[in-house]
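Inspection log for the structure reproduced underneath, given as structure tokens.
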4 protein chains.
Amino acid sequence: MQKTKISERLRKDADPIWKEIFSHPFVVELYKGTLPIEKFKFYVLQDYNYLATMMKNFSVLSSKAESVETMREMLEIAYLEATSEFKSYEEHLKKLGYTVEDAMRIEPTQMNISYVSFLLATSSLRTFWEGLAATLPCFWTYAEIAEFHKDKLSESKNSLYFEWASVYLTEPYHELVNKMKGLLDNAPIKYEKLKEVFTIASKYEYMYWSMAYNMESGLFH
Amino acid sequence: MQKTKISERLRKDADPIWKEIFSHPFVVELYKGTLPIEKFKFYVLQDYNYLATMMKNFSVLSSKAESVETMREMLEIAYLEATSEFKSYEEHLKKLGYTVEDAMRIEPTQMNISYVSFLLATSSLRTFWEGLAATLPCFWTYAEIAEFHKDKLSESKNSLYFEWASVYLTEPYHELVNKMKGLLDNAPIKYEKLKEVFTIASKYEYMYWSMAYNMESGLFH
Amino acid sequence: MQKTKISERLRKDADPIWKEIFSHPFVVELYKGTLPIEKFKFYVLQDYNYLATMMKNFSVLSSKAESVETMREMLEIAYLEATSEFKSYEEHLKKLGYTVEDAMRIEPTQMNISYVSFLLATSSLRTFWEGLAATLPCFWTYAEIAEFHKDKLSESKNSLYFEWASVYLTEPYHELVNKMKGLLDNAPIKYEKLKEVFTIASKYEYMYWSMAYNMESGLFH
Amino acid sequence: MQKTKISERLRKDADPIWKEIFSHPFVVELYKGTLPIEKFKFYVLQDYNYLATMMKNFSVLSSKAESVETMREMLEIAYLEATSEFKSYEEHLKKLGYTVEDAMRIEPTQMNISYVSFLLATSSLRTFWEGLAATLPCFWTYAEIAEFHKDKLSESKNSLYFEWASVYLTEPYHELVNKMKGLLDNAPIKYEKLKEVFTIASKYEYMYWSMAYNMESGLFH
């Protein structure tokens, strides 16, 4: 009898939160093509801080990797974020009428700061494996969201949202997610530690969509 | 003509947020003695995670201090947190009918995690000075809250809250705050960087009181 | 049948290096009381950098400790180094005609820099346990050296060296070493990883004595 | 009148050490083509640990870069080290009759450990700028060595050494060094701090050549 993979256990334990993510109005309307453009703009502009943090986060993970092989994989992802991912981000900005400089001037919301701080604090002060487990939900939920809603997407007439979303259905994106899952499946630490940070990060994913849907940049929530 | 001290500029720039903190219902009712005990219990139990993080945070700051003198000061605060501060926390728990083990079992709220992650990520990945500036609002607002409401406190008939609050009016506590302010006044980095993290931390202070008042432990806010 | 403790295995595996340390001329002459005073002065002045690094090192270890209890123990040692250990260091300096300021002005040798860099890099970028294992040989060899040579010491007429050495025979010092050994005995990581850094640190201990005996501060060795 | 660039001041202040490096027998014999092959093999096998550390080092530097632009540059170098640099290293190994697995099994000498520990400790616990200044001498001395000895190289009949050395005369390599110098020229911190680590790293460069020339892997030097 085969043992359940760590990534599968994590996925199953986080299922109630992930279901809420799949049916979040921001997500549903985005894939249907009906999401108000202001909400999407708000989301994309906030994303600059998140993308920059991901580069930093994978740098930290790379610095803590135990083997040269894993270090190389982390650097590859970090470099990908810093180059092609950033380029594609810039193009989305342009279609929305913004430049990278505009995005850089946007103040991240307190919610945005919370999520990226959690990623960086976990990667910096816990083990490499906990850092990786905290990083995974962002990448993985985007893949499952796209899979879950791909019928809606194929009927969508909103080319802007279509282009944005279709990347998460591509083979290279799925390979990236699978590589991260495969690494985590070999984590030599207690499952409960991984579950803790994986769950927290999944909650942040949900909160991030809510933040974008409500365009929350104020102080008090 | 004397230059305005860095700590004074920070205090002035954060004033709108601090005013909201001083008049937050949790704070006002606590000092009047009318705060429902469940809310206070919720706050104290959540505080375990915060206190443990402060020990970690000052350890990180100590590891980044440039001079032996500053390192010693950071270690002194960290050790104080780990010993007398923790002892006094344990006594408060006891009066509420809890043990440290109870507090350790409490899951920190997402808001709590956000605040402590921000502190740890800032101290770990930015300069020592930005880490110190992020840490200051917690200590400093507690001192100003106590000063602001001390008349209410002296009339309060709630001995539990009275004891909890009176520590923030003591001379040693004020010296601690002043030491941290004095250090920050010599920070050799751009004011805007300090202001950024000081402001964010002040917002988290407000949000922490709200979290406690609403006893929010759920996912979706 | 009882399993051999991790600390015992480490001690045994490092025995050939430790034997060389026990019979190093600096060590032997120090305990006999015949060590030329210039060599001792050189050693004590170089020690400032080492002591300051130990404070930093325990700060890093504390920031990475997994439990509050272990964090508190690391902070206790760090604080001890920063206060009583530093005070006693200052007194030794004074007896040799130096002030702390003199010691601060001394440039650490390349060998000294190497050892402290190894400790800090290990504690910063590897696990807490490897950091602890790298830190242990310094504390532990000093205890065993004192034990090994205590007959010589009791006959020594050099009160300066006698006073310096006798601290390593005291109960509190042995408790400190035992606490660190006890922690390490529970390290949940592969023995080989611990052995690697423990061995390297033991070699640095030997090299440090040689550096002091040869009063090496030059470039090329 | 133009201010001297930081990199130029560093270069000038380290000149006595760099002159010793240029005339080190390992370097001279390597460029002349007369270096005994065992010494070269020893050097190349030890280099595995150094190369792996450089990947880690640039990961740490990237995680501490203040701007996205600088982070991207650090990641680019790290990724370069992890890919093309590593590939070329593998080819050199092959020509010498070794595989990467052979190199991985080689225990780094205490001197090798000292140098890489210094780089990692500096990058981890000091500012980004000091980390960069510590990293520069390795890259920069290799460029100047190649320039200094290029006449010897052009007459060398040792194709193995010729191929190894000629990379340091290429345009891309010089651009890499210039990019790092250019970054450092804008370092907003005290020159003395940069000079300290730049000098120490330059000394390690010299010691590394000596280690290779003497094939020192033993304990006691």
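Each chain in the structure tokens gets a letter, A, B and so on, in the order shown; residues start at 1 in every chain, and ligands are counted from 1 in the order they appear.
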Closest atom pairs, chain C residues within 7 Å of chain B, only C-alpha atoms, as CSV:
```
residue,atom,partner,partner_atom,distance
C:Ala52,CA,B:Val68,CA,6.4
C:Lys56,CA,B:Ser63,CA,4.9
C:Ser59,CA,B:Ser59,CA,4.8
C:Val60,CA,B:Ser63,CA,5.6
C:Ser62,CA,B:Ser59,CA,6.0
C:Ser63,CA,B:Lys56,CA,4.8
C:Val68,CA,B:Ala52,CA,6.4
C:Arg72,CA,B:Ala82,CA,5.8
C:Leu75,CA,B:Tyr79,CA,5.9
C:Glu76,CA,B:Tyr79,CA,6.6
C:Tyr79,CA,B:Leu75,CA,5.9
C:Ala82,CA,B:Arg72,CA,5.8
```
DSSP-assigned helix (DSSP H, G or I) members of range 83-175 of chain C, reported as a ChimeraX atom specification: /C:83-95,100-105,110-125,128-148,150-155,159-169,171-175
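Here CA of Pro25 in chain C and CA of Tyr213 in chain C stand 7.6 Å from one another.
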Distance query Glu101 in chain D at most 12 Å, only C-alpha atoms, self and fewer than 6 positions along chain excluded, as a list in words: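 Answer for this query is Val68 of chain A; Leu45, Tyr48, Glu90, Leu93 and Lys94 of chain D.
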Residues from the last selection, C-alpha atoms, saved as a PDB file, in the first residue's frame:
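Listed below is the output, part_15.pdb:
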```pdb
ATOM      1  CA  VAL A  68      23.140  22.409  -4.843  1.00  0.00           C
TER       2      VAL A  68
ATOM      3  CA  LEU D  45      38.308  19.926  -6.930  1.00  0.00           C
ATOM      4  CA  TYR D  48      33.276  22.918  -6.141  1.00  0.00           C
ATOM      5  CA  GLU D  90      31.839  20.389 -15.175  1.00  0.00           C
ATOM      6  CA  LEU D  93      36.448  18.512 -14.327  1.00  0.00           C
ATOM      7  CA  LYS D  94      35.881  16.123 -17.225  1.00  0.00           C
TER       8      LYS D  94
END
```
8 Å contact set for Tyr115 in chain C, only C-alpha atoms, chain neighbours under 4 positions out, as a list in words: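 Those residues are Met111, Leu119, Ala201 and Tyr204 of chain C; Ser114 of chain D.
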Exercise: Thr170 in chain C partners within 12 Å, only C-alpha atoms, chain neighbours under 6 positions left out, as number ranges by chain: C: 142-144, 146-147, 150, 163-164, 176-177
I want to know what sits within 10 Å of Glu38 in chain A, based on only C-alpha atoms, with residues of the same chain fewer than 5 positions away left out; could you give that as a PDB file with C-alpha atoms, in the first residue's frame?
```
ATOM      1  CA  TYR A  43      -5.659  43.655  -8.156  1.00  0.00           C
ATOM      2  CA  VAL A  44      -2.976  44.011 -10.836  1.00  0.00           C
ATOM      3  CA  LEU A  96      -4.572  48.487 -18.492  1.00  0.00           C
ATOM      4  CA  ALA A 212      -9.065  42.961  -4.367  1.00  0.00           C
ATOM      5  CA  TYR A 213     -12.825  42.508  -4.761  1.00  0.00           C
ATOM      6  CA  MET A 215     -10.682  47.308  -3.278  1.00  0.00           C
TER       7      MET A 215
END
```
